[in-house]
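Trainee: Okay, here's the structure, questions in a sec.
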Amino acid sequence: MVLHRQREPLELRDVSMPEPGPGQVRLSVRACGVCRTDLHIVDGELERPKLPLIPGHQIAGEAEDGRRLGVPWLGWTCGRCRYCTSGRENLCLEARFTGYDLDGGYAEYAVADERFCFPIPDGYPDLQAAPLLCAGLIGYRSLRLAGDAERVGFYGFGAAAHIVAQVARHQGRRLFGFVRPGDDDARAFALELGCEWAGWSDEAPPEELDAAIVFAPAGELLPTALRAVARGGTVVAAGIHMSDIPSFPYELLWGERVLRSVANLTRRDGEEFLALAPQIPIQTQVEEFALEQANEALDRLRRGEVLGAAVLRM
Ligand SMILES: [Zn+2]
Ligand SMILES: [Zn+2]
């Protein structure tokens, strides 16, 4: 499924078989998760994709030697810059991203730099494994950057939150879910996944929070979340794109509250998270689409209709 121009639907096309370059592996794609980032790329909110582009950065595939490998968003880094050499390859200025700078997994075959692929943990069928590769990984990084907070609020309960909720509960944290006002299904989903309270995003939680993670791409939620956290609390913006943040009184930040973003992932995040996932064990709830239904999957995600994660199956 190929993006020729932003703000236009993807097109089903026959393309030539991708040939692996040095250090790359060719995968037969079994499943590919659909991420909100894909939507930001298709909708033109992320402005510099390669074109034409095959999107998709949560690839569960099989190599020619039979290994099951996952391909995440971080597809390549320079390995030499001050970020790469200090454990922060997620910030590399020359980084290339799967399904943005590099063709991704909305296809039958993909090539990827083997150094950036992860072995898929045993016990995870392809469909269930795919959402671990971005929603899971970057969600996990967001939770780590929230510190050792006991009471954690999630704003937006989509693919990432439904995975990270399971990690947070496993770590003994108390969870509070915030969903779009009136979205009863999402509220019930949040409660099902271990939130002790779930309500609308414009509501105050029943008690102060120690941290909040804002998964929804709505800038107005950042002041709202700051208002909900106690002194010393952290608000993490987990998405790659967000609408503008309205101005807010300094008092909301005062008291050593921290407002920060999370960018991409490091390979270490991936190794840690994929080792942890089977121990919990994390279960992903998936809505399955055929490859040629990619536009429909993106539309459902855009309208907030997917419970859990949307995944294309090849
Ligand atoms: Zn993603
Ligand atoms: Zn670098």
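Residues are referred to by chain and number: the chain letter is A, B, ... according to the order shown in the structure tokens, the number counts from 1 in that chain, and ligands are numbered separately from 1 in the order shown.
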Select the residues contacting ligand 1 at a distance of at most 8 Å, based on only C-alpha atoms and all ligand atoms, then format the selection as a list in words.
Mentor: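 Residues satisfying the distance criterion: Val34, Cys35, Arg36, Thr37, Asp38, His57, Gln58, Trp73, Leu133, Cys134, Ala135 and Ile138 of chain A.
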Trainee: Residues within 7 Å of ligand 2, counting only C-alpha atoms and all ligand atoms: report them as a VMD selection string.
Mentor: chain A and resid 77 to 84 89 92 to 95
Trainee: Hey, which of A:Leu74, A:Cys32, A:Ala277, A:Leu39 ends up closest to A:Arg300? Count only C-alpha atoms.
Mentor: A:Leu39
Trainee: Go through A:Ile280, A:Ala31, A:Leu175, A:Val15 and flag the residue nearest A:Ala294, using only C-alpha atoms for the distances.
Mentor: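 Of A:Ile280, A:Ala31, A:Leu175, A:Val15, the one nearest A:Ala294, counting only C-alpha atoms, is A:Ala31.
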Trainee: Where does DSSP see strand (DSSP E or B) in stretch 143-300 of chain A, if you list the residues as a PyMOL selection string?
Mentor: chain A and resi 151-155+174-179+197-200+209-214+229-237+258-261+286-290
Trainee: Could you pull out the residues in stretch 33-274 of chain A that DSSP calls helix (DSSP H, G or I) from the backbone, as a PyMOL selection string?
Mentor: chain A and resi 36-42+84-86+89-91+114-116+126-133+135-145+159-170+184-192+221-228+250-252+267-274
Trainee: With a distance cut-off of 6 Å and only C-alpha atoms, select the neighbouring residues of stretch 227-240 of chain A, excluding the residue or stretch itself and same-chain residues fewer than 4 positions from it, and output the selection as a ChimeraX atom specification.
Mentor: /A:146,208-215,252,255-262
Trainee: Just the selected residues (N, CA and C atoms), exported as a JSON list (two decimals), in the first residue's frame, please.
Mentor:
```json
[["chain", "number", "residue", "atom", "x", "y", "z"],
["A", 146, "ALA", "N", 8.28, 8.64, 33.12],
["A", 146, "ALA", "CA", 7.37, 9.17, 34.14],
["A", 146, "ALA", "C", 7.94, 8.94, 35.54],
["A", 208, "GLU", "N", -4.99, 13.51, 43.58],
["A", 208, "GLU", "CA", -3.86, 13.99, 42.80],
["A", 208, "GLU", "C", -3.07, 12.82, 42.20],
["A", 209, "LEU", "N", -2.46, 13.07, 41.05],
["A", 209, "LEU", "CA", -1.62, 12.04, 40.41],
["A", 209, "LEU", "C", -0.16, 12.38, 40.64],
["A", 210, "ASP", "N", 0.71, 11.37, 40.51],
["A", 210, "ASP", "CA", 2.15, 11.62, 40.61],
["A", 210, "ASP", "C", 2.77, 11.77, 39.22],
["A", 211, "ALA", "N", 2.07, 11.28, 38.21],
["A", 211, "ALA", "CA", 2.53, 11.47, 36.83],
["A", 211, "ALA", "C", 1.35, 11.26, 35.89],
["A", 212, "ALA", "N", 1.49, 11.82, 34.71],
["A", 212, "ALA", "CA", 0.48, 11.58, 33.67],
["A", 212, "ALA", "C", 1.20, 11.40, 32.35],
["A", 213, "ILE", "N", 0.68, 10.51, 31.52],
["A", 213, "ILE", "CA", 1.20, 10.33, 30.17],
["A", 213, "ILE", "C", 0.09, 10.71, 29.21],
["A", 214, "VAL", "N", 0.40, 11.65, 28.32],
["A", 214, "VAL", "CA", -0.61, 12.12, 27.36],
["A", 214, "VAL", "C", -0.33, 11.42, 26.03],
["A", 215, "PHE", "N", -1.17, 10.44, 25.71],
["A", 215, "PHE", "CA", -1.03, 9.69, 24.46],
["A", 215, "PHE", "C", -1.81, 10.36, 23.33],
["A", 252, "LEU", "N", 0.73, 26.34, 37.14],
["A", 252, "LEU", "CA", 0.50, 24.91, 36.85],
["A", 252, "LEU", "C", 1.80, 24.12, 36.78],
["A", 255, "GLY", "N", 6.16, 24.37, 41.52],
["A", 255, "GLY", "CA", 6.13, 23.23, 42.44],
["A", 255, "GLY", "C", 6.90, 22.06, 41.85],
["A", 256, "GLU", "N", 7.89, 22.40, 41.02],
["A", 256, "GLU", "CA", 8.78, 21.40, 40.43],
["A", 256, "GLU", "C", 8.06, 20.34, 39.62],
["A", 257, "ARG", "N", 6.94, 20.73, 39.03],
["A", 257, "ARG", "CA", 6.32, 19.82, 38.07],
["A", 257, "ARG", "C", 7.18, 19.84, 36.80],
["A", 258, "VAL", "N", 7.19, 18.72, 36.10],
["A", 258, "VAL", "CA", 8.00, 18.57, 34.90],
["A", 258, "VAL", "C", 7.10, 18.26, 33.72],
["A", 259, "LEU", "N", 7.33, 18.95, 32.61],
["A", 259, "LEU", "CA", 6.60, 18.66, 31.38],
["A", 259, "LEU", "C", 7.64, 18.24, 30.35],
["A", 260, "ARG", "N", 7.51, 17.05, 29.79],
["A", 260, "ARG", "CA", 8.53, 16.59, 28.85],
["A", 260, "ARG", "C", 7.91, 15.75, 27.74],
["A", 261, "SER", "N", 8.67, 15.62, 26.65],
["A", 261, "SER", "CA", 8.21, 14.76, 25.56],
["A", 261, "SER", "C", 9.04, 13.48, 25.55],
["A", 262, "VAL", "N", 8.58, 12.53, 24.76],
["A", 262, "VAL", "CA", 9.32, 11.30, 24.52],
["A", 262, "VAL", "C", 9.54, 11.21, 23.03]]
```
Trainee: Quick one: everything within 10 Å of A:Glu292, counting only C-alpha atoms, minus sequence neighbours fewer than 3 positions away in the same chain. Send it as a PyMOL selection string.
Mentor: chain A and resi 1+10-13+106-107+289+295-297+312-314
Trainee: Could you tell me which of A:Asp101, A:Asp244, A:Glu196, A:Asp126 comes closest to A:Val311 if we count only C-alpha atoms?
Mentor: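 The closest residue to A:Val311 is A:Asp126.
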Trainee: Measure the distance from atom CA of A:Gly70 to atom CA of A:Pro20 in Å and round it to one decimal.
Mentor: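 Taking atom CA of A:Gly70 as the start and atom CA of A:Pro20 as the end point, the length is 16.0 Å.
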Trainee: Applying 10 Å and only C-alpha atoms, which residues near A:Arg26 remain after dropping the ones on its own chain fewer than 4 positions away? List them as JSON, numbers by chain.
Mentor: {"A": [17, 18, 19, 20, 21, 61, 62, 63, 64, 65, 109, 110, 111, 112, 113, 114]}
Trainee: For N, CA and C atoms, I'd like the residues from the last selection saved as a PDB file, in the first residue's frame.
Mentor:
```
ATOM      1  N   MET A  17      10.296  -6.458  -5.885  1.00  0.00           N
ATOM      2  CA  MET A  17      10.762  -7.095  -4.655  1.00  0.00           C
ATOM      3  C   MET A  17      11.918  -6.286  -4.071  1.00  0.00           C
ATOM      4  N   PRO A  18      11.843  -5.859  -2.794  1.00  0.00           N
ATOM      5  CA  PRO A  18      12.953  -5.075  -2.225  1.00  0.00           C
ATOM      6  C   PRO A  18      14.207  -5.947  -2.068  1.00  0.00           C
ATOM      7  N   GLU A  19      15.334  -5.395  -2.492  1.00  0.00           N
ATOM      8  CA  GLU A  19      16.592  -6.139  -2.412  1.00  0.00           C
ATOM      9  C   GLU A  19      17.383  -5.661  -1.200  1.00  0.00           C
ATOM     10  N   PRO A  20      17.776  -6.600  -0.315  1.00  0.00           N
ATOM     11  CA  PRO A  20      18.530  -6.176   0.869  1.00  0.00           C
ATOM     12  C   PRO A  20      19.911  -5.653   0.504  1.00  0.00           C
ATOM     13  N   GLY A  21      20.294  -4.501   1.070  1.00  0.00           N
ATOM     14  CA  GLY A  21      21.649  -3.970   0.910  1.00  0.00           C
ATOM     15  C   GLY A  21      22.542  -4.578   1.977  1.00  0.00           C
ATOM     16  N   GLY A  61       7.766 -10.027  11.011  1.00  0.00           N
ATOM     17  CA  GLY A  61       8.090 -10.701   9.762  1.00  0.00           C
ATOM     18  C   GLY A  61       8.935 -11.930   9.981  1.00  0.00           C
ATOM     19  N   GLU A  62       9.157 -12.620   8.867  1.00  0.00           N
ATOM     20  CA  GLU A  62       9.989 -13.822   8.932  1.00  0.00           C
ATOM     21  C   GLU A  62      11.127 -13.686   7.937  1.00  0.00           C
ATOM     22  N   ALA A  63      12.349 -13.892   8.443  1.00  0.00           N
ATOM     23  CA  ALA A  63      13.529 -13.809   7.578  1.00  0.00           C
ATOM     24  C   ALA A  63      13.626 -15.074   6.740  1.00  0.00           C
ATOM     25  N   GLU A  64      14.488 -15.024   5.723  1.00  0.00           N
ATOM     26  CA  GLU A  64      14.600 -16.177   4.823  1.00  0.00           C
ATOM     27  C   GLU A  64      15.136 -17.416   5.549  1.00  0.00           C
ATOM     28  N   ASP A  65      15.873 -17.193   6.663  1.00  0.00           N
ATOM     29  CA  ASP A  65      16.373 -18.349   7.431  1.00  0.00           C
ATOM     30  C   ASP A  65      15.375 -18.795   8.505  1.00  0.00           C
ATOM     31  N   TYR A 109       6.608  -7.752   1.491  1.00  0.00           N
ATOM     32  CA  TYR A 109       8.022  -7.909   1.819  1.00  0.00           C
ATOM     33  C   TYR A 109       8.602  -6.574   2.255  1.00  0.00           C
ATOM     34  N   ALA A 110       9.611  -6.639   3.105  1.00  0.00           N
ATOM     35  CA  ALA A 110      10.307  -5.430   3.530  1.00  0.00           C
ATOM     36  C   ALA A 110      11.764  -5.767   3.764  1.00  0.00           C
ATOM     37  N   VAL A 111      12.633  -4.773   3.625  1.00  0.00           N
ATOM     38  CA  VAL A 111      14.020  -4.967   4.044  1.00  0.00           C
ATOM     39  C   VAL A 111      14.294  -4.038   5.223  1.00  0.00           C
ATOM     40  N   ALA A 112      15.193  -4.488   6.104  1.00  0.00           N
ATOM     41  CA  ALA A 112      15.520  -3.691   7.284  1.00  0.00           C
ATOM     42  C   ALA A 112      16.959  -3.969   7.691  1.00  0.00           C
ATOM     43  N   ASP A 113      17.581  -2.945   8.291  1.00  0.00           N
ATOM     44  CA  ASP A 113      18.924  -3.105   8.854  1.00  0.00           C
ATOM     45  C   ASP A 113      18.819  -4.071  10.035  1.00  0.00           C
ATOM     46  N   GLU A 114      19.536  -5.165   9.925  1.00  0.00           N
ATOM     47  CA  GLU A 114      19.394  -6.232  10.916  1.00  0.00           C
ATOM     48  C   GLU A 114      19.747  -5.778  12.334  1.00  0.00           C
TER      49      GLU A 114
END
```
